[in-house]
file my_file27.txt (compact mmCIF, C-alpha atoms)
# COMPACT_ATOMS: atom_id res chain seq x y z
CA MET A 1 57.99 58.30 -179.36
CA SER A 2 55.16 60.02 -177.54
CA ILE A 3 52.13 57.82 -176.94
CA ILE A 4 49.84 60.77 -176.24
CA ASP A 5 50.13 62.46 -179.64
CA LEU A 6 46.73 63.12 -181.15
CA ASP A 7 48.15 63.95 -184.57
CA LYS A 8 49.89 60.59 -184.85
CA TRP A 9 46.79 58.72 -183.64
CA SER A 10 44.70 60.62 -186.21
CA GLU A 11 47.11 59.59 -188.96
CA ILE A 12 47.01 55.96 -187.84
CA TYR A 13 43.20 56.01 -187.84
CA ALA A 14 43.10 57.57 -191.30
CA THR A 15 45.49 54.94 -192.70
CA VAL A 16 43.52 52.03 -191.26
CA LYS A 17 40.19 53.53 -192.37
CA LYS A 18 41.48 54.00 -195.89
CA HIS A 19 42.38 50.30 -196.25
CA LYS A 20 39.93 48.61 -193.89
CA LEU A 21 39.58 45.26 -195.64
CA ARG A 22 43.27 44.89 -196.39
CA THR A 23 44.22 45.79 -192.81
CA ALA A 24 41.60 43.43 -191.32
CA LEU A 25 42.66 40.46 -193.44
CA THR A 26 46.32 41.00 -192.65
CA ALA A 27 45.76 41.56 -188.92
CA PHE A 28 43.73 38.33 -188.83
CA GLY A 29 47.00 36.40 -189.12
CA VAL A 30 48.24 37.88 -185.84
CA PHE A 31 44.81 37.39 -184.24
CA TRP A 32 44.65 33.73 -185.27
CA GLY A 33 48.20 33.02 -184.14
CA ILE A 34 47.59 34.33 -180.61
CA PHE A 35 44.16 32.70 -180.49
CA MET A 36 45.60 29.30 -181.47
CA LEU A 37 48.42 29.68 -178.95
CA ILE A 38 46.07 30.35 -176.04
CA VAL A 39 43.58 27.63 -176.99
CA LEU A 40 46.25 24.98 -177.64
CA LEU A 41 48.12 25.77 -174.41
CA GLY A 42 44.83 25.79 -172.48
CA ALA A 43 43.88 22.42 -173.96
CA GLY A 44 47.34 21.06 -173.18
CA LYS A 45 46.99 22.23 -169.58
CA GLY A 46 43.57 20.58 -169.43
CA LEU A 47 45.10 17.27 -170.54
CA GLU A 48 47.89 17.66 -167.98
CA ASN A 49 45.42 18.45 -165.18
CA GLY A 50 43.31 15.44 -166.14
CA VAL A 51 46.26 13.05 -166.08
CA VAL A 52 47.71 14.48 -162.84
CA LYS A 53 44.28 14.31 -161.23
CA ASP A 54 44.19 10.59 -161.96
CA PHE A 55 47.40 10.04 -160.00
CA ASN A 56 46.17 8.39 -156.82
CA VAL A 57 49.66 8.05 -155.33
CA ALA A 58 52.42 10.44 -154.29
CA LYS A 59 54.29 11.67 -157.39
CA ASN A 60 57.62 10.47 -155.96
CA ALA A 61 56.41 7.16 -154.53
CA VAL A 62 58.42 3.94 -154.81
CA PHE A 63 56.93 0.44 -154.40
CA VAL A 64 59.06 -2.65 -153.77
CA TRP A 65 57.74 -6.22 -153.61
CA THR A 66 59.19 -9.74 -153.76
CA GLN A 67 59.17 -12.32 -156.51
CA ARG A 68 61.11 -15.55 -157.00
CA THR A 69 64.86 -15.71 -157.41
CA SER A 70 66.22 -16.69 -160.82
CA ILE A 71 69.91 -17.25 -159.94
CA PRO A 72 71.36 -19.72 -157.38
CA TYR A 73 73.35 -17.93 -154.66
CA LYS A 74 75.44 -19.07 -151.69
CA GLY A 75 74.10 -22.61 -151.85
CA LEU A 76 70.48 -21.50 -152.22
CA LYS A 77 68.56 -22.70 -155.26
CA ALA A 78 66.86 -20.55 -157.88
CA GLY A 79 63.07 -20.22 -157.65
CA ARG A 80 63.17 -19.34 -153.96
CA PHE A 81 60.41 -16.95 -152.81
CA ILE A 82 61.59 -14.06 -150.62
CA GLN A 83 59.34 -13.17 -147.69
CA MET A 84 59.77 -9.59 -146.42
CA THR A 85 59.23 -8.98 -142.70
CA ASN A 86 58.72 -6.31 -140.05
CA ASP A 87 62.46 -6.54 -139.36
CA ASP A 88 63.14 -5.45 -142.94
CA MET A 89 61.12 -2.31 -142.34
CA ALA A 90 63.05 -1.50 -139.17
CA ALA A 91 66.35 -2.13 -140.97
CA ILE A 92 65.40 0.13 -143.90
CA LYS A 93 64.51 2.94 -141.50
CA ARG A 94 67.81 2.46 -139.71
CA GLU A 95 70.18 1.93 -142.64
CA ILE A 96 68.77 3.99 -145.51
CA PRO A 97 68.42 7.66 -144.43
CA GLU A 98 67.15 8.71 -147.87
CA VAL A 99 63.75 7.13 -147.07
CA ALA A 100 61.31 9.65 -145.59
CA ILE A 101 58.09 7.62 -145.41
CA ILE A 102 57.71 3.85 -145.46
CA ASN A 103 54.42 1.98 -145.31
CA PRO A 104 54.57 -1.83 -144.96
CA SER A 105 51.43 -3.24 -146.51
CA THR A 106 50.01 -6.73 -146.51
CA SER A 107 46.70 -8.32 -147.37
CA LEU A 108 44.72 -11.51 -147.02
CA GLY A 109 44.97 -12.04 -150.76
CA GLY A 110 41.94 -11.92 -153.05
CA THR A 111 38.55 -11.14 -151.51
CA PHE A 112 36.94 -12.47 -148.35
CA THR A 113 33.41 -12.64 -147.04
CA VAL A 114 32.59 -9.75 -144.73
CA SER A 115 29.26 -9.62 -142.91
CA TYR A 116 27.15 -7.30 -140.80
CA LYS A 117 24.12 -8.84 -139.10
CA THR A 118 22.24 -10.67 -141.89
CA LYS A 119 24.07 -9.06 -144.83
CA SER A 120 27.35 -10.24 -146.31
CA SER A 121 29.53 -9.83 -149.39
CA SER A 122 33.15 -10.25 -150.56
CA PHE A 123 35.65 -7.40 -150.20
CA SER A 124 39.40 -6.82 -150.22
CA VAL A 125 41.05 -6.64 -146.81
CA ARG A 126 44.50 -5.11 -146.37
CA GLY A 127 46.72 -4.17 -143.47
CA ASP A 128 48.40 -0.76 -143.44
CA TYR A 129 50.10 1.86 -141.28
CA PRO A 130 48.95 5.48 -140.83
CA GLU A 131 51.75 6.44 -143.27
CA PHE A 132 49.68 4.83 -146.02
CA ARG A 133 47.85 8.13 -146.63
CA GLN A 134 51.13 9.96 -147.29
CA VAL A 135 51.96 7.57 -150.11
CA GLU A 136 48.49 6.78 -151.47
CA PRO A 137 46.22 9.69 -150.51
CA ILE A 138 42.61 8.82 -149.70
CA LEU A 139 39.80 10.96 -148.34
CA ILE A 140 38.25 10.22 -144.97
CA LEU A 141 34.54 10.98 -145.29
CA LYS A 142 33.58 9.99 -141.75
CA GLY A 143 35.46 9.11 -138.60
CA ARG A 144 39.23 8.67 -138.84
CA PHE A 145 41.99 6.59 -140.38
CA LEU A 146 44.24 4.10 -138.59
CA ASN A 147 46.70 5.48 -136.02
CA HIS A 148 49.85 4.21 -134.26
CA LEU A 149 47.95 3.25 -131.11
CA ASP A 150 45.86 0.90 -133.25
CA LEU A 151 49.09 -0.71 -134.44
CA LYS A 152 50.74 -0.82 -131.02
CA ASP A 153 47.72 -2.36 -129.28
CA LYS A 154 46.76 -4.49 -132.30
CA ARG A 155 43.25 -3.11 -132.16
CA LYS A 156 40.51 -4.68 -134.21
CA VAL A 157 39.40 -1.50 -135.97
CA ALA A 158 38.58 -0.97 -139.63
CA VAL A 159 38.23 1.82 -142.19
CA ILE A 160 35.78 0.83 -144.92
CA GLY A 161 35.06 2.03 -148.46
CA GLU A 162 31.77 3.49 -149.69
CA ARG A 163 30.70 0.31 -151.48
CA VAL A 164 31.06 -1.65 -148.23
CA ILE A 165 28.59 0.76 -146.59
CA GLU A 166 26.08 0.44 -149.42
CA VAL A 167 26.11 -3.37 -149.36
CA LEU A 168 26.29 -4.03 -145.61
CA PHE A 169 24.63 -1.00 -144.01
CA GLY A 170 22.65 0.90 -146.63
CA LYS A 171 23.69 3.94 -148.65
CA ASP A 172 22.75 6.65 -146.11
CA ALA A 173 23.63 4.69 -142.97
CA ASN A 174 26.30 5.76 -140.47
CA PRO A 175 28.54 2.71 -139.82
CA ILE A 176 30.88 4.41 -137.32
CA GLY A 177 30.99 2.34 -134.11
CA GLN A 178 29.35 -0.73 -135.66
CA TYR A 179 31.05 -4.14 -135.79
CA ILE A 180 31.66 -6.12 -138.97
CA ASN A 181 32.73 -9.76 -139.19
CA ILE A 182 35.86 -10.30 -141.29
CA LYS A 183 36.64 -13.98 -141.73
CA GLY A 184 35.41 -14.89 -138.26
CA ALA A 185 36.82 -11.87 -136.36
CA PHE A 186 34.82 -8.79 -135.39
CA PHE A 187 36.19 -5.32 -136.19
CA ARG A 188 34.84 -1.96 -135.07
CA VAL A 189 34.33 0.54 -137.91
CA VAL A 190 36.18 3.80 -137.14
CA GLY A 191 36.22 5.49 -140.55
CA VAL A 192 34.85 5.70 -144.08
CA SER A 193 37.24 6.29 -147.00
CA ARG A 194 37.08 7.36 -150.63
CA GLY A 195 39.88 6.99 -153.16
CA ALA A 196 41.60 9.99 -154.72
CA GLY A 197 41.84 8.52 -158.23
CA LYS A 198 39.35 7.69 -160.96
CA GLY A 199 37.93 4.65 -162.71
CA GLU A 200 39.23 1.28 -161.52
CA ASP A 201 41.24 2.81 -158.67
CA LEU A 202 38.15 4.52 -157.27
CA ILE A 203 36.09 1.34 -157.59
CA GLN A 204 38.80 -0.72 -155.92
CA ASN A 205 39.06 1.65 -152.95
CA ALA A 206 35.29 1.64 -152.50
CA GLN A 207 35.47 -2.15 -152.00
CA THR A 208 38.51 -2.17 -149.71
CA ILE A 209 38.67 -2.50 -145.92
CA TYR A 210 41.78 -1.17 -144.13
CA ILE A 211 42.87 -2.66 -140.80
CA PRO A 212 46.14 -2.25 -138.84
CA THR A 213 49.00 -4.34 -140.27
CA THR A 214 49.87 -5.75 -136.84
CA THR A 215 46.26 -6.79 -136.26
CA LEU A 216 46.06 -8.55 -139.62
CA GLN A 217 49.34 -10.38 -138.95
CA GLN A 218 48.21 -11.66 -135.57
CA THR A 219 44.57 -12.40 -136.34
CA TYR A 220 45.03 -14.20 -139.65
CA ASN A 221 48.28 -16.10 -139.03
CA GLN A 222 50.44 -13.69 -141.06
CA VAL A 223 52.92 -13.11 -138.22
CA ASN A 224 55.87 -10.92 -139.24
CA LYS A 225 54.90 -11.03 -142.94
CA ILE A 226 54.92 -7.98 -145.23
CA GLY A 227 53.52 -7.99 -148.77
CA TYR A 228 55.24 -4.87 -150.14
CA PHE A 229 56.81 -1.58 -149.08
CA ALA A 230 55.49 1.78 -150.27
CA MET A 231 57.97 4.61 -149.76
CA THR A 232 58.74 8.25 -150.53
CA PRO A 233 62.21 9.84 -150.45
CA LYS A 234 63.28 12.83 -148.42
CA PRO A 235 63.05 16.25 -150.15
CA GLY A 236 65.74 16.66 -152.80
CA ILE A 237 66.40 12.91 -153.08
CA PRO A 238 65.44 11.27 -156.42
CA ALA A 239 63.04 8.36 -156.07
CA ALA A 240 65.43 6.26 -158.17
CA VAL A 241 68.04 6.48 -155.39
CA VAL A 242 65.60 5.05 -152.85
CA GLU A 243 64.45 2.38 -155.30
CA ASP A 244 67.99 1.15 -156.01
CA LYS A 245 69.25 1.34 -152.41
CA VAL A 246 66.26 -0.49 -150.91
CA LYS A 247 66.40 -3.30 -153.50
CA GLN A 248 70.15 -3.78 -153.05
CA PHE A 249 69.76 -3.68 -149.27
CA LEU A 250 66.99 -6.30 -149.31
CA MET A 251 69.03 -8.50 -151.67
CA SER A 252 71.90 -8.43 -149.19
CA ARG A 253 69.62 -9.22 -146.20
CA HIS A 254 67.89 -12.12 -147.94
CA LYS A 255 70.98 -13.61 -149.62
CA VAL A 256 70.02 -12.84 -153.20
CA ASP A 257 72.56 -12.52 -156.01
CA PRO A 258 73.08 -8.77 -156.72
CA LYS A 259 72.69 -9.54 -160.43
CA ASP A 260 69.33 -11.27 -159.92
CA LEU A 261 66.94 -8.65 -161.35
CA LYS A 262 63.87 -10.90 -160.96
CA ALA A 263 64.02 -11.44 -157.20
CA PHE A 264 62.49 -8.05 -156.35
CA GLY A 265 59.97 -6.07 -158.34
CA SER A 266 59.61 -2.29 -158.09
CA ALA A 267 57.67 0.66 -159.45
CA ASN A 268 58.97 4.22 -159.58
CA VAL A 269 56.07 6.67 -159.84
CA GLU A 270 58.41 9.66 -160.09
CA LYS A 271 59.96 8.26 -163.26
CA GLU A 272 56.53 7.70 -164.81
CA PHE A 273 55.38 11.18 -163.80
CA GLN A 274 58.49 12.79 -165.33
CA GLU A 275 57.84 10.96 -168.59
CA ILE A 276 54.29 12.30 -168.63
CA GLN A 277 55.55 15.82 -167.83
CA GLY A 278 57.99 15.50 -170.74
CA LEU A 279 55.09 14.62 -173.03
CA PHE A 280 53.16 17.74 -172.03
CA THR A 281 56.27 19.89 -172.41
CA GLY A 282 56.45 18.59 -175.97
CA ILE A 283 52.78 19.42 -176.54
CA ALA A 284 53.35 22.96 -175.24
CA ALA A 285 56.41 23.37 -177.47
CA PHE A 286 54.42 22.15 -180.49
CA SER A 287 51.68 24.68 -179.66
CA TRP A 288 54.22 27.50 -179.55
CA ILE A 289 55.81 26.43 -182.86
CA VAL A 290 52.47 26.24 -184.68
CA SER A 291 51.26 29.55 -183.23
CA ILE A 292 54.50 31.45 -183.80
CA GLY A 293 54.52 30.22 -187.41
CA THR A 294 51.07 31.71 -187.87
CA ILE A 295 52.10 34.93 -186.12
CA ILE A 296 55.15 35.25 -188.38
CA ALA A 297 52.84 34.99 -191.38
CA GLY A 298 50.81 37.80 -189.83
CA ILE A 299 53.97 39.86 -189.26
CA ILE A 300 54.93 39.53 -192.92
CA GLY A 301 51.44 40.68 -193.88
CA VAL A 302 51.59 43.70 -191.57
CA GLY A 303 55.08 44.49 -192.84
CA ASN A 304 53.79 44.44 -196.43
CA ILE A 305 50.99 46.81 -195.48
CA MET A 306 53.47 49.22 -193.92
CA LEU A 307 55.67 49.06 -197.05
CA ILE A 308 52.63 50.01 -199.14
CA VAL A 309 51.84 52.80 -196.68
CA VAL A 310 55.40 54.13 -196.97
CA LYS A 311 55.19 54.02 -200.79
CA GLU A 312 51.83 55.81 -200.82
CA ARG A 313 53.09 58.48 -198.42
CA THR A 314 56.52 58.97 -199.99
CA LYS A 315 55.81 62.58 -200.96
CA GLU A 316 54.36 63.32 -197.49
CA ILE A 317 57.44 61.84 -195.83
CA GLY A 318 59.66 63.93 -198.12
CA VAL A 319 57.81 67.08 -197.09
CA ARG A 320 58.20 66.16 -193.40
CA LYS A 321 61.95 65.68 -193.84
CA ALA A 322 62.27 68.92 -195.83
CA LEU A 323 60.57 70.75 -192.95
CA GLY A 324 63.11 69.32 -190.49
CA ALA A 325 61.57 66.04 -189.33
CA THR A 326 64.22 63.75 -187.81
CA PRO A 327 64.70 60.14 -189.02
CA TRP A 328 63.56 58.93 -185.58
CA SER A 329 60.25 60.80 -185.84
CA ILE A 330 59.59 59.10 -189.20
CA ILE A 331 60.62 55.67 -187.85
CA SER A 332 58.52 56.10 -184.69
CA LEU A 333 55.43 56.96 -186.74
CA ILE A 334 55.66 53.82 -188.91
CA ILE A 335 56.54 51.54 -185.98
CA GLN A 336 53.66 52.94 -183.93
CA GLU A 337 51.23 52.17 -186.73
CA SER A 338 52.46 48.57 -187.01
CA VAL A 339 52.37 48.10 -183.21
CA VAL A 340 48.78 49.37 -183.14
CA ILE A 341 47.67 46.93 -185.86
CA THR A 342 49.44 43.87 -184.42
CA GLY A 343 48.74 44.84 -180.81
CA PHE A 344 45.01 45.32 -181.36
CA ALA A 345 44.65 42.15 -183.43
CA GLY A 346 46.73 40.13 -180.97
CA TYR A 347 44.86 41.48 -177.97
CA LEU A 348 41.56 40.42 -179.55
CA GLY A 349 43.09 36.96 -180.14
CA LEU A 350 44.21 36.85 -176.50
CA LEU A 351 40.72 37.75 -175.28
CA ALA A 352 39.00 35.32 -177.65
CA GLY A 353 41.35 32.43 -176.77
CA THR A 354 41.05 33.04 -173.03
CA GLY A 355 37.29 33.31 -173.40
CA VAL A 356 37.04 29.97 -175.23
CA VAL A 357 39.19 28.20 -172.62
CA ALA A 358 37.19 29.76 -169.76
CA LEU A 359 33.89 28.80 -171.45
CA ILE A 360 34.98 25.16 -171.82
CA ASP A 361 36.02 25.06 -168.16
CA TYR A 362 32.72 26.68 -167.08
CA LEU A 363 30.57 24.26 -169.08
CA MET A 364 32.50 21.22 -167.83
CA THR A 365 32.11 22.40 -164.22
CA LYS A 366 28.46 23.38 -164.56
CA TYR A 367 27.34 20.15 -166.20
CA GLU A 368 29.84 18.00 -164.26
CA VAL A 369 31.34 16.58 -167.44
CA ASP A 370 33.84 13.79 -166.80
CA ALA A 371 36.09 13.82 -169.86
CA GLY A 372 38.53 11.24 -168.57
CA PHE A 373 42.03 12.57 -169.22
CA PHE A 374 40.85 16.18 -169.65
CA SER A 375 40.04 18.44 -166.71
CA ASN A 376 40.05 22.13 -165.79
CA PRO A 377 41.61 23.75 -168.91
CA GLU A 378 43.30 27.02 -167.98
CA VAL A 379 45.70 29.71 -169.15
CA ASN A 380 48.21 30.78 -166.54
CA VAL A 381 49.36 34.36 -165.98
CA PRO A 382 52.98 33.92 -167.21
CA ILE A 383 51.70 32.67 -170.56
CA ALA A 384 49.31 35.62 -170.88
CA LEU A 385 52.13 38.07 -170.08
CA THR A 386 54.41 36.31 -172.57
CA ALA A 387 51.70 36.66 -175.22
CA VAL A 388 51.42 40.41 -174.52
CA LEU A 389 55.19 40.84 -174.84
CA LEU A 390 55.04 38.81 -178.05
CA LEU A 391 52.49 41.28 -179.42
CA VAL A 392 54.70 44.28 -178.73
CA PHE A 393 57.73 42.53 -180.21
CA THR A 394 55.94 41.42 -183.37
CA GLY A 395 54.46 44.89 -183.85
CA THR A 396 57.91 46.48 -183.63
CA LEU A 397 59.42 43.84 -185.90
CA ALA A 398 56.66 44.25 -188.50
CA GLY A 399 57.30 47.99 -188.77
CA LEU A 400 61.09 47.94 -188.58
CA ILE A 401 61.93 47.42 -192.26
CA PRO A 402 59.25 49.81 -193.61
CA ALA A 403 60.25 52.41 -191.00
CA THR A 404 63.92 52.15 -191.98
CA LYS A 405 62.99 52.58 -195.63
CA ALA A 406 60.88 55.63 -194.81
CA ALA A 407 63.74 57.20 -192.84
CA ARG A 408 66.01 56.89 -195.88
CA VAL A 409 63.65 58.77 -198.22
CA ASN A 410 65.43 61.58 -200.01
CA PRO A 411 63.31 64.77 -199.69
CA VAL A 412 64.23 65.99 -203.20
CA GLU A 413 63.46 62.67 -204.86
CA ALA A 414 60.26 62.33 -202.84
CA LEU A 415 58.95 65.72 -203.94
CA ARG A 416 59.57 64.73 -207.58
CA ASP A 417 57.65 61.48 -207.12
CA GLU A 418 54.26 61.33 -208.81
call {"tool": "encode", "arguments": {"input": "my_file27.txt", "output": "structure tokens"}}
result
Amino acid sequence: MSIIDLDKWSEIYATVKKHKLRTALTAFGVFWGIFMLIVLLGAGKGLENGVVKDFNVAKNAVFVWTQRTSIPYKGLKAGRFIQMTNDDMAAIKREIPEVAIINPSTSLGGTFTVSYKTKSSSFSVRGDYPEFRQVEPILILKGRFLNHLDLKDKRKVAVIGERVIEVLFGKDANPIGQYINIKGAFFRVVGVSRGAGKGEDLIQNAQTIYIPTTTLQQTYNQVNKIGYFAMTPKPGIPAAVVEDKVKQFLMSRHKVDPKDLKAFGSANVEKEFQEIQGLFTGIAAFSWIVSIGTIIAGIIGVGNIMLIVVKERTKEIGVRKALGATPWSIISLIIQESVVITGFAGYLGLLAGTGVVALIDYLMTKYEVDAGFFSNPEVNVPIALTAVLLLVFTGTLAGLIPATKAARVNPVEALRDE
């Protein structure tokens, strides 16, 4: 089938021009199907981006903390509180190779009065390691975060949130190098942080002060105490493996019944993230089903048009065959006409859908619209290419039956047809 054949293109143009309204209404089904597909997939991607953007922790993070035992074990009563320690962290690093990053975190509990000169207010104070940022990413706006020398030397340094600056120093002040009083001890400010999440998480980070875990333990009589462990597994290791192994290991170390499910609490972010990904996969599948249903309706319409075209041009087709036209030349003509109709209509739908998605993204960016769980709608290249291939396939499919019927026209019968 030659693409550069002016006679065939002239025939296609004449056919479309002869039945403009009928062709336009039928092609609209293909246009609307592709348009819906692009818009729905773009909206689904926007929802996915919004939810993923709200994740303020590593997507494979595991958190383990202690609770009270519920089963007596080895002479120890139920209701016993398990206190995790620095030794537990060292043992986990040594005995569980699946753990890549581990951050032992502790806090003073609740909020405490923090002051600078004559100003004071209540903020959260927590002790962390430098590895904290690999599990719960935060931005450092000024200065730096905690480092291992701070931990080793038990330095009294602090990284403070934006709200702490506003209250104690003033919104535009530079607090780096200044000293703040945390519960009677002075700490030098070395950095300013901002949370990576949204809503409550962002507000909480803005009111949090980070100090080295070792410093907090020594200064505030929390020697060797750890509140919870935040971890990530090595590449290729499921987070569930780390979650189970660490909990079982800690149960063994602290003499807890292996069947006591209440002694240690845990959270598996990877599991939650996979559930969310499954939801968006379902949304994408629903979008494809709805759109393909509409496209099929368009295909049927285009196929009907081509059947009418074949019927109207029965005598012409008979003449062509009488003059020696091959069945393939007849089939190629009909299929080319159907591909042109579906391809053009679908391409307009692709452009319109992409344009709508791009316009929404542009307006949200320009006017800084915060739509919560919706952010940066987009259509990726593979989907666009799949849509183009879908156009070619539907065009061929729409013309297949009419083309086959045209190829079977008997020249003698066709010339008798009135």
call {"tool": "closest_residue", "arguments": {"input": "my_file27.txt", "among": "A:Leu21, A:Ala285, A:Ile335, A:Leu108", "to": "Leu40 of chain A", "atoms": "only C-alpha atoms"}}
result
A:Ala285
call {"tool": "atom_distance", "arguments": {"input": "my_file27.txt", "atom1": "atom CA of Met89 of chain A", "atom2": "atom CA of Tyr129 of chain A"}}
result
11.8 Å
call {"tool": "closest_residue", "arguments": {"input": "my_file27.txt", "among": "A:Ala90, A:Ile101, A:Val167, A:Met306", "to": "Ser120 of chain A", "atoms": "all atoms listed in the file"}}
result
A:Val167
call {"tool": "residues_around", "arguments": {"input": "my_file27.txt", "residues": "Ile276 of chain A", "least_positions_apart": "3", "cutoff": "12 Å", "atoms": "all atoms listed in the file", "output": "PyMOL selection string"}}
result
chain A and resi 47-52+55+59+269-273+279-283
call {"tool": "write_last_selection", "arguments": {"input": "my_file27.txt", "atoms": "C-alpha atoms", "output": "PDB file, keeping the file's coordinate frame"}}
result
ATOM      1  CA  LEU A  47      45.100  17.270-170.540  1.00  0.00           C
ATOM      2  CA  GLU A  48      47.890  17.660-167.980  1.00  0.00           C
ATOM      3  CA  ASN A  49      45.420  18.450-165.180  1.00  0.00           C
ATOM      4  CA  GLY A  50      43.310  15.440-166.140  1.00  0.00           C
ATOM      5  CA  VAL A  51      46.260  13.050-166.080  1.00  0.00           C
ATOM      6  CA  VAL A  52      47.710  14.480-162.840  1.00  0.00           C
ATOM      7  CA  PHE A  55      47.400  10.040-160.000  1.00  0.00           C
ATOM      8  CA  LYS A  59      54.290  11.670-157.390  1.00  0.00           C
ATOM      9  CA  VAL A 269      56.070   6.670-159.840  1.00  0.00           C
ATOM     10  CA  GLU A 270      58.410   9.660-160.090  1.00  0.00           C
ATOM     11  CA  LYS A 271      59.960   8.260-163.260  1.00  0.00           C
ATOM     12  CA  GLU A 272      56.530   7.700-164.810  1.00  0.00           C
ATOM     13  CA  PHE A 273      55.380  11.180-163.800  1.00  0.00           C
ATOM     14  CA  LEU A 279      55.090  14.620-173.030  1.00  0.00           C
ATOM     15  CA  PHE A 280      53.160  17.740-172.030  1.00  0.00           C
ATOM     16  CA  THR A 281      56.270  19.890-172.410  1.00  0.00           C
ATOM     17  CA  GLY A 282      56.450  18.590-175.970  1.00  0.00           C
ATOM     18  CA  ILE A 283      52.780  19.420-176.540  1.00  0.00           C
TER      19      ILE A 283
END
call {"tool": "atom_distance", "arguments": {"input": "my_file27.txt", "atom1": "atom CA of Ala325 of chain A", "atom2": "atom CA of Pro402 of chain A"}}
result
16.9 Å
call {"tool": "atom_distance", "arguments": {"input": "my_file27.txt", "atom1": "atom CA of Leu397 of chain A", "atom2": "atom CA of Val319 of chain A"}}
result
25.8 Å
call {"tool": "closest_residue", "arguments": {"input": "my_file27.txt", "among": "A:Lys74, A:Lys156, A:Arg68, A:Lys405", "to": "Gly303 of chain A", "atoms": "only C-alpha atoms"}}
result
A:Lys405
call {"tool": "residues_around", "arguments": {"input": "my_file27.txt", "residues": "Pro72 of chain A", "least_positions_apart": "3", "cutoff": "10 Å", "atoms": "all atoms listed in the file", "output": "PyMOL selection string"}}
result
chain A and resi 69+75-80+255-257+260
call {"tool": "closest_residue", "arguments": {"input": "my_file27.txt", "among": "A:Pro382, A:Gly278, A:Val242, A:Glu337", "to": "Ser10 of chain A", "atoms": "only C-alpha atoms"}}
result
A:Glu337
call {"tool": "closest_residue", "arguments": {"input": "my_file27.txt", "among": "A:Gln248, A:Thr106, A:Ser375, A:Asn221", "to": "Ile92 of chain A", "atoms": "only C-alpha atoms"}}
result
A:Gln248
call {"tool": "residues_around", "arguments": {"input": "my_file27.txt", "residues": "segment 294-299 of chain A", "least_positions_apart": "4", "cutoff": "7 Å", "atoms": "all atoms listed in the file", "output": "PyMOL selection string"}}
result
chain A and resi 26-27+29-30+33+290+303+394+398
call {"tool": "closest_residue", "arguments": {"input": "my_file27.txt", "among": "A:Ala206, A:Ala185, A:Val64, A:Val192", "to": "Ala173 of chain A", "atoms": "only C-alpha atoms"}}
result
A:Val192
call {"tool": "residues_around", "arguments": {"input": "my_file27.txt", "residues": "Ile341 of chain A", "least_positions_apart": "5", "cutoff": "8 Å", "atoms": "all atoms listed in the file", "output": "PDB file with C-alpha atoms, in the coordinates of the input"}}
result
ATOM      1  CA  THR A  23      44.220  45.790-192.810  1.00  0.00           C
ATOM      2  CA  ALA A  27      45.760  41.560-188.920  1.00  0.00           C
ATOM      3  CA  VAL A 302      51.590  43.700-191.570  1.00  0.00           C
ATOM      4  CA  GLY A 395      54.460  44.890-183.850  1.00  0.00           C
TER       5      GLY A 395
END
call {"tool": "axis_aligned_box", "arguments": {"input": "my_file27.txt", "around": "segment 293-302 of chain A", "padding_each_side": "4 Å", "output": "JSON"}}
result
{"center_x": 53.0, "center_y": 37.0, "center_z": -190.0, "size_x": 12.3, "size_y": 21.5, "size_z": 15.8}
call {"tool": "residues_around", "arguments": {"input": "my_file27.txt", "residues": "Tyr347 of chain A", "least_positions_apart": "6", "cutoff": "8 Å", "atoms": "only C-alpha atoms", "output": "MDAnalysis selection string"}}
result
chainID A and resid 31 388 391
